[in-house]
Every structure is written in structure tokens, then in C-alpha cells.
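Please read the structure below before turning to the comments.
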Amino acid sequence: MLQSPLRSAVCCLLALVFPAQIMFAGETAAGMLYTNGAAWLNGAEVPKSSAVYSGDMLQTRPDSSASIQSSGSSVMVLADSLVKFEGPAVELEHGAVRVTTSRGLAARAGDVTIKPATDSWTEFQVTDVDGTVQIAANKGDVTVQDDKGTTTVTQGQQTTRDDTADPDKKKKKHRRPKGAAPAAGNGIMSSTPAIIGAAAVVGGVGAWVWLQEEQPVSPSCRTNPCK
């Protein structure tokens with residue numbers, strides 16, 4: 001039996017709506033990751049390269065390093081480091097990063113925030129080991145903000161900060177990470193509410209189409225009303 005015009009129209013509508021919903025719910029890659037040796041991304045070992053998204057966790061081994069390339073910025077993640085990539089900033093949990101940027105990319109280590117003082121090309125290195133943060137301004141000036149205020153480190157200079165003013169928080173934070181970083185949560189379309197919502201929409205539309213379509217009375221009478 002040929003499909004009714006109503007069913008055809010609804011099928012076309014679903015074909016247009018659901019790809020658009022997935023497209024708008026999906027994330028856009030914030031950069032590319034290139035590894036030199038073994039590294040983990042969200043708990044899974046990384047091949048030579050991979051797309052990275054805001055919120056991704058990257059961990060390097062003592063004998064490996066990695067580089068994150070994004071628009072106008074480059075982040076070198078040095079050996080034995082744990083870093084969270086956040087797009088406009090990187091959060092250093094442990095280890096060291098070298099940031100080169102013309103887009104104002106910032107680095108955070110606990111309660112300490114380091115960012116370029118100007119919009120010009122700036123290179124700086126941040127090391128956080130056992131709660132002690134070392135900042136080096138390799139090219140250009142950087143500002144350092146913590147609980148004591150904001151200061152400027154000029155090109156060629158270095159400074160040291162504690163990554164938190166709370167001793168209990170500092171002790172808890174700096175238990176050395178062991179093994180790969182835990183996997184990040186799934187995207188929005190993989191979440192339980194999204195799956196349930198999508199199933200409800202499909203089921204509701206399907207039921208509505210079924211009710212609207214003409215149903216045969218019996219195998220011997222294919223039309224309604226029977227003629």
C-alpha cells in the first residue's frame with residue numbers, strides 16, 4: 001500500500017529536524033593535540049594526534065610531552081603533567097606548560113591565574129609542583145593574579161607563588177595523580193535526559209501519524225469506510 005501524504009510529510013520533517021538537533025547539540029573542536037610519546041586524553045591513550053574540546057583532560061608520562069594547537073595559541077604540555085584544556089585557558093593540575101599566544105590565552109594553577117599583559121605575542125611557562133607555582137615570562141610581560149592581588153612579571157623575569165592560601169585545600173589538591181586521568185563525561189546527546197527526550201518525541205510523532213492514517217477494517221476490506 002502506498003504511504004499517505006501525511007506520513008510522507010512527517011518523515012521528511014523528522015529527517016530535517018533530527019540532524020539539525022544533533023548539529024546544534026554537538027561540540028566544536030577547540031584545537032588539535034599532537035603527542036610525542038604516550039599520553040592520555042580523558043583516560044584513553046592518544047594516537048599521534050586528536051581533536052580536543054573544552055573540558056578535556058590531558059596527562060603526559062615522565063617520558064612524553066604533547067602540544068595543543070588552537071587559533072592564535074600553542075600550549076606545550078611538558079613531561080609528567082596533568083592539564084585541563086578550557087579553550088580560552090588551560091588549568092594546570094600538576095607539572096608544567098609553556099604557553100605561546102597572541103589571543104590572551106591564560107593559564108591557571110590552583111588559585112593563581114597567569115595571562116599576557118598585552119595582546120601581542122607572549123610566551124610564558126608555568127610549573128606547579130606540590131603547591132608551588134613558578135612563573136617565567138619568556139617573551140612579553142604577564143600578569144599574575146592570586147589572593148594577594150595582581151602583579152606584573154616583565155619579560156625575562158620569574159616569580160613564585162603558592163597555588164592556594166588554604167593549607168587544607170593545598171594538601172588535598174596535591175596528592176600526585178596515578179595512572180591515566182579519568183574519562184570526561186559524554187556529550188549532551190549521550191546523556192540520559194537527551195535520550196529519553198528523543199525517544200519520547202519519536203514515539204509521540206509515530207503514534208500521532210498512526211492515529212491520523214486511514215486504517216483498514218479487515219484484510220478483505222482495505223478502505224475505511226468499507227466500500
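Ordered as shown in the C-alpha cells, chains take letters A, B, and onward, while each chain numbers its residues from 1 and ligands are numbered from 1 in the order shown.
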Using DSSP secondary structure from the backbone, list all strand (DSSP E or B) positions within range 56-168 of chain A, as a PyMOL selection string. chain A and resi 56-60+65-70+73-77+82-85+89-101+106-109+112-116+122-129+132-139+142-146+149-153+158-162
Kindly assemble as a tab-separated table a list of the range 17-76 of chain A residues that lie within 12 Å of range 82-92 of chain A, each paired with its nearest atom pair and their distance in Å to one decimal, using only C-alpha atoms, sorted first by chain and then by ascending residue number.
residue	atom	partner	partner_atom	distance
A:Thr28	CA	A:Gly87	CA	10.9
A:Ala29	CA	A:Gly87	CA	9.4
A:Ala30	CA	A:Gly87	CA	6.0
A:Gly31	CA	A:Gly87	CA	8.0
A:Met32	CA	A:Phe85	CA	11.1
A:Leu33	CA	A:Phe85	CA	10.6
A:Ala39	CA	A:Leu82	CA	10.0
A:Trp40	CA	A:Leu82	CA	9.4
A:Leu41	CA	A:Lys84	CA	9.7
A:Asn42	CA	A:Lys84	CA	9.5
A:Gly43	CA	A:Leu82	CA	11.2
A:Ala51	CA	A:Phe85	CA	11.6
A:Val52	CA	A:Phe85	CA	7.9
A:Tyr53	CA	A:Phe85	CA	7.3
A:Ser54	CA	A:Glu86	CA	4.4
A:Gly55	CA	A:Glu86	CA	5.3
A:Asp56	CA	A:Phe85	CA	5.5
A:Met57	CA	A:Lys84	CA	4.5
A:Leu58	CA	A:Val83	CA	5.2
A:Gln59	CA	A:Leu82	CA	4.4
A:Thr60	CA	A:Leu82	CA	6.7
A:Arg61	CA	A:Leu82	CA	9.2
A:Pro62	CA	A:Leu82	CA	11.1
A:Ser64	CA	A:Leu82	CA	11.9
A:Ser65	CA	A:Leu82	CA	10.8
A:Ala66	CA	A:Val83	CA	10.6
A:Ser67	CA	A:Val83	CA	11.4
A:Ile68	CA	A:Phe85	CA	8.8
A:Gln69	CA	A:Gly87	CA	10.5
A:Ser70	CA	A:Gly87	CA	8.3
A:Ser71	CA	A:Gly87	CA	9.8
A:Gly72	CA	A:Pro88	CA	10.7
A:Ser73	CA	A:Pro88	CA	9.4
A:Ser74	CA	A:Val90	CA	10.8
A:Val75	CA	A:Val90	CA	8.4
A:Met76	CA	A:Val83	CA	10.5
Can you tell me how far CA of Ala96 in chain A sits from CA of Val133 in chain A, in Å to one decimal?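 Pair CA of Ala96 in chain A / CA of Val133 in chain A returns 9.4 Å.
By chain and then residue number, the residues within 6 Å of Phe124 in chain A are Arg98, Val99, Ala136, Ala137 and Asn138 of chain A, counting only C-alpha atoms and disregarding those fewer than 6 positions away in sequence.
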Using Å and a single decimal, report how far CA of Ser81 in chain A sits from CA of Gly104 in chain A.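 Between CA of Gly104 in chain A and CA of Ser81 in chain A the gap works out to 22.0 Å.
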Run DSSP on the backbone and tell me which residues of range 93-183 of chain A come out as alpha helix (DSSP H); list them as JSON, numbers by chain. {"A": [167, 168, 169, 170, 171, 172, 173]}
